[in-house]
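A.B. asks: Got a file for you: coords.json, JSON, C-alpha atoms and all ligand atoms.
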```json
[["chain", "number", "residue", "atom", "x", "y", "z"],
["V", 2, "MET", "CA", 33.86, -104.91, -31.70],
["V", 3, "LYS", "CA", 36.92, -106.42, -30.04],
["V", 4, "ARG", "CA", 37.24, -110.18, -30.42],
["V", 5, "PRO", "CA", 39.92, -112.89, -30.38],
["V", 6, "TYR", "CA", 41.81, -113.91, -33.53],
["V", 7, "ILE", "CA", 39.90, -116.86, -34.98],
["V", 8, "THR", "CA", 41.36, -119.81, -36.91],
["V", 9, "LEU", "CA", 39.07, -122.36, -38.55],
["V", 10, "LYS", "CA", 40.73, -125.75, -38.82],
["V", 11, "PHE", "CA", 39.38, -128.94, -40.32],
["V", 12, "ALA", "CA", 40.62, -132.18, -41.81],
["V", 13, "GLN", "CA", 38.81, -133.18, -44.96],
["V", 14, "THR", "CA", 38.97, -135.85, -47.63],
["V", 15, "LEU", "CA", 39.95, -134.82, -51.15],
["V", 16, "ASP", "CA", 36.22, -134.55, -51.94],
["V", 17, "GLY", "CA", 35.58, -132.17, -49.05],
["V", 18, "ARG", "CA", 34.15, -134.43, -46.35],
["V", 19, "ILE", "CA", 35.05, -134.04, -42.66],
["V", 20, "ALA", "CA", 33.11, -137.17, -41.63],
["V", 21, "ALA", "CA", 31.58, -140.25, -43.25],
["V", 22, "ARG", "CA", 27.82, -140.77, -43.55],
["V", 23, "ASP", "CA", 27.77, -142.66, -40.23],
["V", 24, "GLY", "CA", 29.32, -139.62, -38.49],
["V", 25, "SER", "CA", 32.76, -141.20, -38.03],
["V", 26, "SER", "CA", 35.75, -138.93, -38.56],
["V", 27, "LYS", "CA", 38.47, -141.10, -37.04],
["V", 28, "TRP", "CA", 40.62, -140.73, -38.89],
["V", 29, "VAL", "CA", 40.26, -138.42, -41.81],
["V", 30, "SER", "CA", 43.86, -137.25, -41.49],
["V", 31, "GLY", "CA", 47.17, -139.02, -40.89],
["V", 32, "THR", "CA", 49.26, -139.23, -37.70],
["V", 33, "ARG", "CA", 51.57, -136.33, -38.56],
["V", 34, "SER", "CA", 48.64, -134.00, -39.26],
["V", 35, "ARG", "CA", 47.13, -134.94, -35.93],
["V", 36, "GLU", "CA", 50.36, -133.78, -34.27],
["V", 37, "LEU", "CA", 49.98, -130.48, -36.12],
["V", 38, "SER", "CA", 46.41, -130.22, -34.82],
["V", 39, "HIS", "CA", 47.67, -130.59, -31.26],
["V", 40, "LYS", "CA", 50.37, -127.97, -31.91],
["V", 41, "LEU", "CA", 47.65, -125.59, -33.11],
["V", 42, "ARG", "CA", 45.66, -126.29, -29.95],
["V", 43, "ALA", "CA", 48.71, -125.42, -27.82],
["V", 44, "GLU", "CA", 49.24, -122.19, -29.77],
["V", 45, "ASN", "CA", 45.70, -120.93, -29.16],
["V", 46, "ASP", "CA", 44.11, -119.63, -25.96],
["V", 47, "ALA", "CA", 40.91, -121.60, -26.61],
["V", 48, "ILE", "CA", 39.49, -124.40, -28.73],
["V", 49, "LEU", "CA", 35.84, -124.42, -29.80],
["V", 50, "VAL", "CA", 33.56, -127.18, -31.18],
["V", 51, "GLY", "CA", 29.83, -127.79, -31.59],
["V", 52, "ILE", "CA", 27.71, -130.10, -29.46],
["V", 53, "ARG", "CA", 27.23, -132.52, -32.34],
["V", 54, "THR", "CA", 30.99, -133.09, -32.44],
["V", 55, "VAL", "CA", 30.99, -133.78, -28.70],
["V", 56, "LEU", "CA", 28.12, -136.25, -29.12],
["V", 57, "ALA", "CA", 29.72, -137.95, -32.16],
["V", 58, "ASP", "CA", 33.35, -138.13, -31.02],
["V", 59, "ASN", "CA", 33.47, -137.53, -27.24],
["V", 60, "PRO", "CA", 36.76, -135.61, -27.73],
["V", 61, "SER", "CA", 39.10, -134.57, -24.92],
["V", 62, "LEU", "CA", 40.10, -131.34, -26.72],
["V", 63, "THR", "CA", 43.44, -131.33, -24.90],
["V", 64, "VAL", "CA", 47.07, -131.20, -26.06],
["V", 65, "ARG", "CA", 48.55, -134.68, -26.03],
["V", 66, "HIS", "CA", 50.69, -135.43, -29.09],
["V", 67, "VAL", "CA", 53.05, -132.47, -28.52],
["V", 68, "LYS", "CA", 54.23, -130.58, -25.44],
["V", 69, "GLY", "CA", 52.12, -127.55, -24.65],
["V", 70, "LYS", "CA", 49.43, -125.95, -22.58],
["V", 71, "ASP", "CA", 45.81, -127.10, -22.86],
["V", 72, "PRO", "CA", 43.58, -124.37, -24.30],
["V", 73, "VAL", "CA", 40.31, -123.36, -22.68],
["V", 74, "ARG", "CA", 37.61, -125.65, -24.12],
["V", 75, "ILE", "CA", 34.42, -124.11, -25.44],
["V", 76, "ILE", "CA", 31.33, -126.04, -26.59],
["V", 77, "LEU", "CA", 28.43, -124.46, -28.48],
["V", 78, "ASP", "CA", 25.43, -126.21, -26.97],
["V", 79, "SER", "CA", 22.17, -124.21, -27.05],
["V", 80, "ALA", "CA", 20.13, -126.58, -24.88],
["V", 81, "LEU", "CA", 22.89, -127.94, -22.59],
["V", 82, "ARG", "CA", 22.85, -131.44, -24.09],
["V", 83, "THR", "CA", 26.54, -132.07, -23.27],
["V", 84, "PRO", "CA", 26.57, -135.39, -21.36],
["V", 85, "ARG", "CA", 27.86, -135.21, -17.81],
["V", 86, "ALA", "CA", 29.85, -138.37, -18.57],
["V", 87, "SER", "CA", 31.60, -136.78, -21.57],
["V", 88, "LYS", "CA", 35.37, -136.29, -21.43],
["V", 89, "VAL", "CA", 35.07, -132.51, -21.61],
["V", 90, "VAL", "CA", 32.80, -132.38, -18.56],
["V", 91, "LYS", "CA", 34.71, -134.99, -16.60],
["V", 92, "GLY", "CA", 37.95, -133.03, -17.05],
["V", 93, "ALA", "CA", 36.45, -129.62, -16.35],
["V", 94, "TYR", "CA", 38.16, -129.11, -12.98],
["V", 95, "ARG", "CA", 41.54, -129.77, -14.63],
["V", 96, "VAL", "CA", 41.09, -127.83, -17.89],
["V", 97, "LYS", "CA", 38.86, -124.76, -17.98],
["V", 98, "THR", "CA", 35.69, -125.68, -19.87],
["V", 99, "ILE", "CA", 32.98, -123.30, -21.02],
["V", 100, "ILE", "CA", 29.61, -124.30, -22.45],
["V", 101, "ALA", "CA", 27.94, -121.52, -24.43],
["V", 102, "CYS", "CA", 24.19, -122.02, -24.41],
["V", 103, "ALA", "CA", 21.08, -120.16, -25.46],
["V", 104, "GLY", "CA", 19.01, -120.54, -22.31],
["V", 105, "ARG", "CA", 17.84, -117.38, -20.66],
["V", 106, "LYS", "CA", 17.50, -118.62, -17.09],
["V", 107, "PRO", "CA", 19.80, -120.84, -15.04],
["V", 108, "GLY", "CA", 18.16, -124.22, -14.50],
["V", 109, "LYS", "CA", 18.81, -127.73, -13.26],
["V", 110, "LYS", "CA", 20.97, -128.72, -16.24],
["V", 111, "SER", "CA", 23.27, -125.73, -15.83],
["V", 112, "ALA", "CA", 23.51, -126.30, -12.08],
["V", 113, "LEU", "CA", 24.54, -129.94, -12.59],
["V", 114, "LEU", "CA", 27.19, -128.98, -15.14],
["V", 115, "GLU", "CA", 28.49, -126.16, -12.95],
["V", 116, "LYS", "CA", 28.83, -128.63, -10.10],
["V", 117, "LYS", "CA", 31.21, -130.58, -12.35],
["V", 118, "GLY", "CA", 33.35, -127.45, -12.85],
["V", 119, "VAL", "CA", 31.92, -126.27, -16.17],
["V", 120, "GLN", "CA", 31.40, -122.54, -16.68],
["V", 121, "ILE", "CA", 28.15, -121.68, -18.46],
["V", 122, "ILE", "CA", 27.79, -118.60, -20.64],
["V", 123, "SER", "CA", 24.33, -117.82, -21.94],
["V", 124, "CYS", "CA", 24.03, -115.73, -25.09],
["V", 125, "ALA", "CA", 21.03, -116.51, -27.25],
["V", 126, "SER", "CA", 20.66, -115.39, -30.85],
["V", 127, "LYS", "CA", 17.30, -114.51, -32.39],
["V", 128, "LYS", "CA", 17.42, -117.94, -34.09],
["V", 129, "GLY", "CA", 17.57, -119.65, -30.70],
["V", 130, "ASN", "CA", 21.14, -120.91, -30.95],
["V", 131, "VAL", "CA", 24.31, -119.31, -29.62],
["V", 132, "ASP", "CA", 25.00, -115.75, -30.78],
["V", 133, "LEU", "CA", 28.58, -116.00, -31.99],
["V", 134, "LYS", "CA", 29.30, -112.27, -32.13],
["V", 135, "LYS", "CA", 28.19, -111.78, -28.55],
["V", 136, "LEU", "CA", 30.06, -114.89, -27.45],
["V", 137, "VAL", "CA", 33.43, -113.96, -28.96],
["V", 138, "HIS", "CA", 33.15, -110.47, -27.48],
["V", 139, "ILE", "CA", 32.50, -111.95, -24.02],
["V", 140, "LEU", "CA", 35.43, -114.34, -24.49],
["V", 141, "TYR", "CA", 37.68, -111.42, -25.45],
["V", 142, "LYS", "CA", 36.67, -109.59, -22.28],
["V", 143, "THR", "CA", 37.68, -112.64, -20.22],
["V", 144, "GLY", "CA", 41.18, -112.35, -21.69],
["V", 145, "LEU", "CA", 41.07, -114.89, -24.54],
["V", 146, "ARG", "CA", 42.93, -113.56, -27.57],
["V", 147, "SER", "CA", 42.89, -116.53, -29.96],
["V", 148, "ILE", "CA", 40.40, -119.31, -30.69],
["V", 149, "LEU", "CA", 40.90, -122.45, -32.75],
["V", 150, "VAL", "CA", 37.53, -123.52, -34.18],
["V", 151, "GLU", "CA", 37.74, -127.26, -34.86],
["V", 152, "GLY", "CA", 34.29, -127.93, -36.25],
["V", 153, "GLY", "CA", 32.11, -129.62, -37.18],
["V", 154, "ARG", "CA", 30.39, -128.41, -40.29],
["V", 155, "GLY", "CA", 27.62, -126.44, -38.55],
["V", 156, "VAL", "CA", 30.07, -124.45, -36.49],
["V", 157, "ILE", "CA", 32.56, -123.80, -39.31],
["V", 158, "THR", "CA", 29.67, -122.62, -41.49],
["V", 159, "SER", "CA", 28.29, -120.28, -38.81],
["V", 160, "PHE", "CA", 31.67, -118.65, -38.16],
["V", 161, "LEU", "CA", 32.14, -118.02, -41.88],
["V", 162, "ALA", "CA", 28.58, -116.72, -42.27],
["V", 163, "ALA", "CA", 29.08, -114.33, -39.35],
["V", 164, "GLY", "CA", 32.35, -112.99, -40.79],
["V", 165, "LEU", "CA", 34.19, -114.32, -37.75],
["V", 166, "ALA", "CA", 37.17, -116.05, -39.34],
["V", 167, "ASP", "CA", 40.71, -114.71, -39.79],
["V", 168, "LYS", "CA", 42.59, -117.80, -40.91],
["V", 169, "ILE", "CA", 41.79, -121.23, -42.31],
["V", 170, "VAL", "CA", 43.94, -124.33, -41.90],
["V", 171, "ALA", "CA", 42.59, -127.09, -44.14],
["V", 172, "ILE", "CA", 44.14, -130.52, -43.91],
["V", 173, "ILE", "CA", 43.42, -132.48, -47.08],
["V", 174, "SER", "CA", 43.83, -136.22, -46.86],
["V", 175, "PRO", "CA", 44.22, -138.60, -49.80],
["V", 176, "LYS", "CA", 40.81, -140.22, -49.29],
["V", 177, "ILE", "CA", 37.48, -139.99, -51.08],
["V", 178, "LEU", "CA", 34.12, -140.67, -49.41],
["V", 179, "GLY", "CA", 31.60, -139.59, -52.04],
["V", 180, "SER", "CA", 29.08, -138.79, -49.29],
["V", 181, "GLY", "CA", 29.12, -137.67, -45.66],
["V", 182, "THR", "CA", 29.49, -134.36, -43.84],
["V", 183, "GLU", "CA", 30.95, -131.53, -45.92],
["V", 184, "SER", "CA", 33.52, -129.22, -44.34],
["V", 185, "VAL", "CA", 31.34, -126.16, -45.04],
["V", 186, "GLY", "CA", 27.56, -126.08, -45.41],
["V", 187, "SER", "CA", 25.43, -123.65, -47.36],
["V", 188, "LEU", "CA", 26.37, -120.01, -47.00],
["V", 189, "GLY", "CA", 23.58, -118.88, -49.32],
["V", 190, "ILE", "CA", 26.11, -118.00, -52.01],
["V", 191, "ASN", "CA", 24.72, -118.43, -55.52],
["V", 192, "SER", "CA", 27.47, -117.26, -57.82],
["V", 193, "MET", "CA", 31.27, -117.16, -57.90],
["V", 194, "LYS", "CA", 31.11, -113.40, -57.32],
["V", 195, "GLY", "CA", 29.85, -114.08, -53.80],
["V", 196, "ALA", "CA", 32.54, -116.60, -52.84],
["V", 197, "VAL", "CA", 34.40, -116.09, -49.56],
["V", 198, "LYS", "CA", 37.77, -114.67, -50.63],
["V", 199, "LEU", "CA", 40.92, -116.24, -49.23],
["V", 200, "GLY", "CA", 44.56, -115.12, -49.43],
["V", 201, "PHE", "CA", 47.18, -117.81, -49.87],
["V", 202, "LYS", "CA", 49.60, -118.21, -46.95],
["V", 203, "SER", "CA", 51.31, -121.55, -47.40],
["V", 204, "VAL", "CA", 51.02, -125.12, -48.56],
["V", 205, "ARG", "CA", 53.06, -128.10, -47.43],
["V", 206, "HIS", "CA", 52.66, -131.81, -47.09],
["V", 207, "LEU", "CA", 52.80, -133.76, -43.85],
["V", 208, "GLY", "CA", 53.05, -137.45, -44.54],
["V", 209, "ASP", "CA", 50.40, -138.06, -47.20],
["V", 210, "ASP", "CA", 48.25, -135.05, -46.21],
["V", 211, "VAL", "CA", 48.40, -131.56, -47.70],
["V", 212, "ILE", "CA", 48.18, -128.63, -45.27],
["V", 213, "CYS", "CA", 46.75, -125.45, -46.81],
["V", 214, "ARG", "CA", 46.78, -122.16, -44.91],
["V", 215, "TYR", "CA", 44.83, -119.11, -46.01],
["V", 216, "ASN", "CA", 43.96, -115.71, -44.59],
["V", 217, "VAL", "CA", 40.31, -114.84, -44.86],
["V", 218, "ILE", "CA", 40.12, -111.62, -46.87],
["V", 219, "ALA", "CA", 36.34, -111.16, -47.00],
["V", 220, "ALA", "CA", 34.23, -113.59, -45.04],
["V", 221, "LYS", "CA", 31.00, -111.68, -44.57],
["V", 222, "VAL", "CA", 28.37, -113.42, -46.70],
["V", 301, "LIG", "N1", 37.38, -133.89, -39.71],
["V", 301, "LIG", "C1", 37.31, -132.88, -38.88],
["V", 301, "LIG", "O1", 38.18, -131.98, -38.88],
["V", 301, "LIG", "C2", 36.17, -132.78, -37.91],
["V", 301, "LIG", "C3", 36.26, -131.89, -36.82],
["V", 301, "LIG", "C4", 35.17, -131.78, -35.96],
["V", 301, "LIG", "C5", 34.04, -132.55, -36.17],
["V", 301, "LIG", "N2", 33.99, -133.42, -37.23],
["V", 301, "LIG", "C6", 32.78, -134.21, -37.49],
["V", 301, "LIG", "O2", 31.72, -133.30, -37.78],
["V", 301, "LIG", "C7", 30.49, -133.90, -37.39],
["V", 301, "LIG", "C8", 29.71, -132.90, -36.55],
["V", 301, "LIG", "O3", 29.43, -131.75, -37.34],
["V", 301, "LIG", "P1", 27.97, -131.10, -37.32],
["V", 301, "LIG", "O4", 27.93, -130.07, -38.38],
["V", 301, "LIG", "O5", 26.97, -132.19, -37.36],
["V", 301, "LIG", "O6", 27.86, -130.46, -35.87],
["V", 301, "LIG", "P2", 28.76, -129.40, -35.05],
["V", 301, "LIG", "O7", 29.17, -128.30, -35.94],
["V", 301, "LIG", "O8", 29.78, -130.13, -34.26],
["V", 301, "LIG", "O9", 27.68, -128.86, -33.98],
["V", 301, "LIG", "C9", 26.62, -128.08, -34.46],
["V", 301, "LIG", "C10", 25.67, -127.79, -33.33],
["V", 301, "LIG", "O10", 26.20, -126.77, -32.48],
["V", 301, "LIG", "C11", 25.13, -126.10, -31.88],
["V", 301, "LIG", "N3", 25.22, -124.65, -32.05],
["V", 301, "LIG", "C12", 24.82, -123.74, -31.14],
["V", 301, "LIG", "N4", 24.97, -122.51, -31.60],
["V", 301, "LIG", "C13", 25.46, -122.61, -32.85],
["V", 301, "LIG", "C14", 25.78, -121.66, -33.85],
["V", 301, "LIG", "N5", 25.68, -120.34, -33.65],
["V", 301, "LIG", "N6", 26.24, -122.12, -35.03],
["V", 301, "LIG", "C15", 26.40, -123.43, -35.26],
["V", 301, "LIG", "N7", 26.09, -124.38, -34.36],
["V", 301, "LIG", "C16", 25.63, -123.98, -33.15],
["V", 301, "LIG", "C17", 23.84, -126.56, -32.58],
["V", 301, "LIG", "O11", 23.18, -127.52, -31.77],
["V", 301, "LIG", "P3", 22.22, -126.99, -30.58],
["V", 301, "LIG", "O12", 21.27, -125.99, -31.24],
["V", 301, "LIG", "O13", 21.54, -128.19, -30.07],
["V", 301, "LIG", "O14", 23.10, -126.33, -29.62],
["V", 301, "LIG", "C18", 24.35, -127.26, -33.82],
["V", 301, "LIG", "O15", 23.51, -128.30, -34.29],
["V", 301, "LIG", "C19", 30.83, -135.16, -36.61],
["V", 301, "LIG", "O16", 30.62, -136.28, -37.45],
["V", 301, "LIG", "C20", 32.30, -135.02, -36.30],
["V", 301, "LIG", "O17", 32.95, -136.26, -36.22],
["V", 301, "LIG", "C21", 35.04, -133.56, -38.09]]
```
Mind converting the file's structure to structure tokens?
Ligand SMILES: NC(=O)c1ccc[n+]([C@@H]2O[C@H](COP(=O)([O-])OP(=O)(O)OC[C@H]3O[C@@H](n4cnc5c(N)ncnc54)[C@H](OP(=O)(O)O)[C@@H]3O)[C@@H](O)[C@H]2O)c1
C.D. replies:
Amino acid sequence: MKRPYITLKFAQTLDGRIAARDGSSKWVSGTRSRELSHKLRAENDAILVGIRTVLADNPSLTVRHVKGKDPVRIILDSALRTPRASKVVKGAYRVKTIIACAGRKPGKKSALLEKKGVQIISCASKKGNVDLKKLVHILYKTGLRSILVEGGRGVITSFLAAGLADKIVAIISPKILGSGTESVGSLGINSMKGAVKLGFKSVRHLGDDVICRYNVIAAKV
């Protein structure tokens, strides 16, 4: 199956949290890492996040801290809960914005979002959420060749579980939370033998953060 090249990127504390218990993630990483995140956005054809990230952070998902082109914005949102007042919807006529949902029939919610310039793609999985394999294939057919998956945990976990990850960029910040949202949720792996295998690409520091890049060697779990 043809699909875009997929990079999973997240900023986590030293103890593996991408957000605190109250859902706040501003800011896990430092200023210089945030510039890197915007550079990664500009290098990819599309950026993808889950609805819970939109509800928690109301992100713009655009390129601002560096020069570069805004990627197509994609939200996984089974039941079309994305608020019409959110930044992604409000900017949809300026930056192409796709909401991937799991509804089978077009309805009032999709019509209202489409009126705001949002493109809706429906591809339901048997579980009732968005079928990632179908989605990335559709996105490939529309010409998208690279996707930066920015989280949150549910989305990162699903891409890994579906074997749909080629590269990981993990930003590790010198902070400890002790609780909160982990970067990756359960993959049903019980022993070290089953671990997702990664190949080292590079490590560097940016300000106080450490940037680790890996190729995913075997992601299917
Ligand atoms: N530090 C960082 O790098 C970073 C980056 C991004 C987000 N965050 C933080 O992460 C938190 C949000 O993470 P989260 O895990 O709660 O939510 P999330 O991953 O942003 O969104 C998950 C939601 O996406 C929808 N979805 C639809 N199809 C899916 C599929 N196939 N697989 C997975 N999800 C699918 C589901 O809701 P429906 O079924 O209703 O559609 C699901 O609950 C926030 O606190 C945010 O601030 C941190």
A.B. asks: For ligand LIG 301 (chain V), list the contacting residues at 8 Å or closer, counting all atoms listed in the file, as a VMD selection string.
C.D. replies: chain V and resid 10 to 13 18 to 21 23 to 30 50 to 55 57 to 58 76 to 82 101 to 103 126 129 to 133 151 to 160 172 182 184
A.B. asks: Using all atoms listed in the file, which residues sit within 12 Å of V:Arg22 once same-chain residues fewer than 5 positions away are excluded, as number ranges by chain?
C.D. replies: V: 57, 178-183
A.B. asks: I'd like the contact shell of V:Pro72 - 8 Å cut-off, all atoms listed in the file, skipping same-chain residues fewer than 2 positions apart - returned as a compact mmCIF listing (two decimals) with C-alpha atoms, in the frame of the given file.
C.D. replies:
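After the write, result_31.txt holds the following:
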```txt
# COMPACT_ATOMS: atom_id res chain seq x y z
CA ARG V 42 45.66 -126.29 -29.95
CA ALA V 43 48.71 -125.42 -27.82
CA ASN V 45 45.70 -120.93 -29.16
CA ASP V 46 44.11 -119.63 -25.96
CA ALA V 47 40.91 -121.60 -26.61
CA ILE V 48 39.49 -124.40 -28.73
CA THR V 63 43.44 -131.33 -24.90
CA VAL V 64 47.07 -131.20 -26.06
CA LYS V 70 49.43 -125.95 -22.58
CA ARG V 74 37.61 -125.65 -24.12
CA VAL V 96 41.09 -127.83 -17.89
CA LYS V 97 38.86 -124.76 -17.98
```
A.B. asks: What is the distance, in Å and to one decimal place, between atom CA of V:Ala166 and atom CA of V:Asp209?
C.D. replies: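 Spanning atom CA of V:Ala166 to atom CA of V:Asp209 is a straight-line distance of 26.9 Å.
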A.B. asks: Hey, which of V:His66, V:His39, V:Arg85, V:Lys142 ends up closest to V:Leu113? Count only C-alpha atoms.
C.D. replies: V:Arg85
A.B. asks: Skip V:Thr98 itself and residues of its chain fewer than 2 positions away, then list as an NGL selection string all residues within 7 Å of it, counting all atoms listed in the file.
C.D. replies: :V and (73-75 or 93 or 96 or 100 or 119-120)
A.B. asks: Looking at V:Ile169, V:Leu9, V:Leu199, V:Cys124, which one is nearest to V:Cys213, with distances taken over only C-alpha atoms?
C.D. replies: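 Distance minimum relative to V:Cys213 lands on V:Ile169.
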A.B. asks: Looking at V:Gly164, V:Lys127, V:Gly31, V:Lys109, which one is nearest to V:Leu188, with distances taken over only C-alpha atoms?
C.D. replies: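 Using only C-alpha atoms, V:Leu188 sits closest to V:Gly164.
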A.B. asks: Neighbours of V:Arg33 within 9 Å (only C-alpha atoms; same-chain residues fewer than 2 positions away dropped), as a PyMOL selection string?
C.D. replies: chain V and resi 30-31+35-38+207-210
A.B. asks: May I ask for the distance between atom CA of V:Ser174 and atom CA of V:Leu149, given in Å to one decimal place?
C.D. replies: 19.9 Å
A.B. asks: Mind giving me the straight-line distance from atom CA of V:Tyr6 to atom CA of V:Val137 in Å, one decimal?
C.D. replies: 9.5 Å
A.B. asks: For V:Leu161, which residue out of V:Ser187, V:Ser203, V:Ser34, V:Thr83 is the nearest one, using only C-alpha atoms?
C.D. replies: V:Ser187
A.B. asks: Tell me which of V:Thr143, V:Ser61, V:Thr14, V:Thr32 sits closest to V:Lys176, counting all atoms listed in the file.
C.D. replies: V:Thr14
A.B. asks: I need the residue nearest V:Ala219 from this list: V:Leu62, V:Leu114, V:Val197, V:Val170. Use only C-alpha atoms for the distance.
C.D. replies: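 Checking each candidate against V:Ala219, we get V:Val197 as the closest.
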A.B. asks: Centre and edge lengths, as JSON, for the axis-aligned box enclosing every listed atom of stretch 124-140 of chain V with 6 Å of padding on each of the six sides, in Å to one decimal?
C.D. replies:
```
{"center_x": 26.4, "center_y": -115.7, "center_z": -29.1, "size_x": 30.1, "size_y": 22.4, "size_z": 22.1}
```
A.B. asks: Since the input has fewer atoms than a full residue there, write stretch 187-208 of chain V out with N, CA and C atoms, as a short mmCIF file (atom, residue, chain, number, x, y, z; two decimals), in the coordinates of the input.
C.D. replies:
```cif
data_model
loop_
_atom_site.label_atom_id
_atom_site.label_comp_id
_atom_site.auth_asym_id
_atom_site.auth_seq_id
_atom_site.Cartn_x
_atom_site.Cartn_y
_atom_site.Cartn_z
N SER V 187 25.88 -124.75 -46.51
CA SER V 187 25.43 -123.65 -47.36
C SER V 187 25.64 -122.30 -46.69
N LEU V 188 26.20 -121.38 -47.48
CA LEU V 188 26.37 -120.01 -47.00
C LEU V 188 25.42 -119.08 -47.75
N GLY V 189 24.53 -119.67 -48.54
CA GLY V 189 23.58 -118.88 -49.32
C GLY V 189 24.25 -118.14 -50.48
N ILE V 190 25.39 -118.65 -50.90
CA ILE V 190 26.11 -118.00 -52.01
C ILE V 190 25.67 -118.66 -53.31
N ASN V 191 25.25 -117.85 -54.28
CA ASN V 191 24.72 -118.43 -55.52
C ASN V 191 25.65 -118.31 -56.72
N SER V 192 26.60 -117.38 -56.65
CA SER V 192 27.47 -117.26 -57.82
C SER V 192 28.91 -117.06 -57.36
N MET V 193 29.85 -117.26 -58.24
CA MET V 193 31.27 -117.16 -57.90
C MET V 193 31.61 -115.78 -57.34
N LYS V 194 30.86 -114.77 -57.81
CA LYS V 194 31.11 -113.40 -57.32
C LYS V 194 30.99 -113.31 -55.80
N GLY V 195 30.11 -114.15 -55.24
CA GLY V 195 29.85 -114.08 -53.80
C GLY V 195 30.78 -114.94 -52.95
N ALA V 196 31.70 -115.65 -53.59
CA ALA V 196 32.54 -116.60 -52.84
C ALA V 196 33.34 -115.90 -51.73
N VAL V 197 33.53 -116.60 -50.64
CA VAL V 197 34.40 -116.09 -49.56
C VAL V 197 35.81 -116.02 -50.14
N LYS V 198 36.44 -114.85 -50.02
CA LYS V 198 37.77 -114.67 -50.63
C LYS V 198 38.87 -114.99 -49.63
N LEU V 199 39.82 -115.82 -50.10
CA LEU V 199 40.92 -116.24 -49.23
C LEU V 199 42.25 -115.80 -49.83
N GLY V 200 43.21 -115.48 -48.97
CA GLY V 200 44.56 -115.12 -49.43
C GLY V 200 45.51 -116.25 -49.08
N PHE V 201 46.26 -116.67 -50.07
CA PHE V 201 47.18 -117.81 -49.87
C PHE V 201 48.26 -117.48 -48.84
N LYS V 202 48.49 -118.39 -47.90
CA LYS V 202 49.60 -118.21 -46.95
C LYS V 202 50.69 -119.24 -47.18
N SER V 203 50.29 -120.52 -47.17
CA SER V 203 51.31 -121.55 -47.40
C SER V 203 50.66 -122.89 -47.73
N VAL V 204 51.45 -123.74 -48.33
CA VAL V 204 51.02 -125.12 -48.56
C VAL V 204 52.22 -126.03 -48.32
N ARG V 205 51.98 -127.14 -47.67
CA ARG V 205 53.06 -128.10 -47.43
C ARG V 205 52.44 -129.48 -47.29
N HIS V 206 53.25 -130.50 -47.37
CA HIS V 206 52.66 -131.81 -47.09
C HIS V 206 53.22 -132.36 -45.79
N LEU V 207 52.39 -133.09 -45.09
CA LEU V 207 52.80 -133.76 -43.85
C LEU V 207 52.41 -135.21 -44.03
N GLY V 208 53.38 -136.08 -44.18
CA GLY V 208 53.05 -137.45 -44.54
C GLY V 208 52.31 -137.40 -45.88
#
```
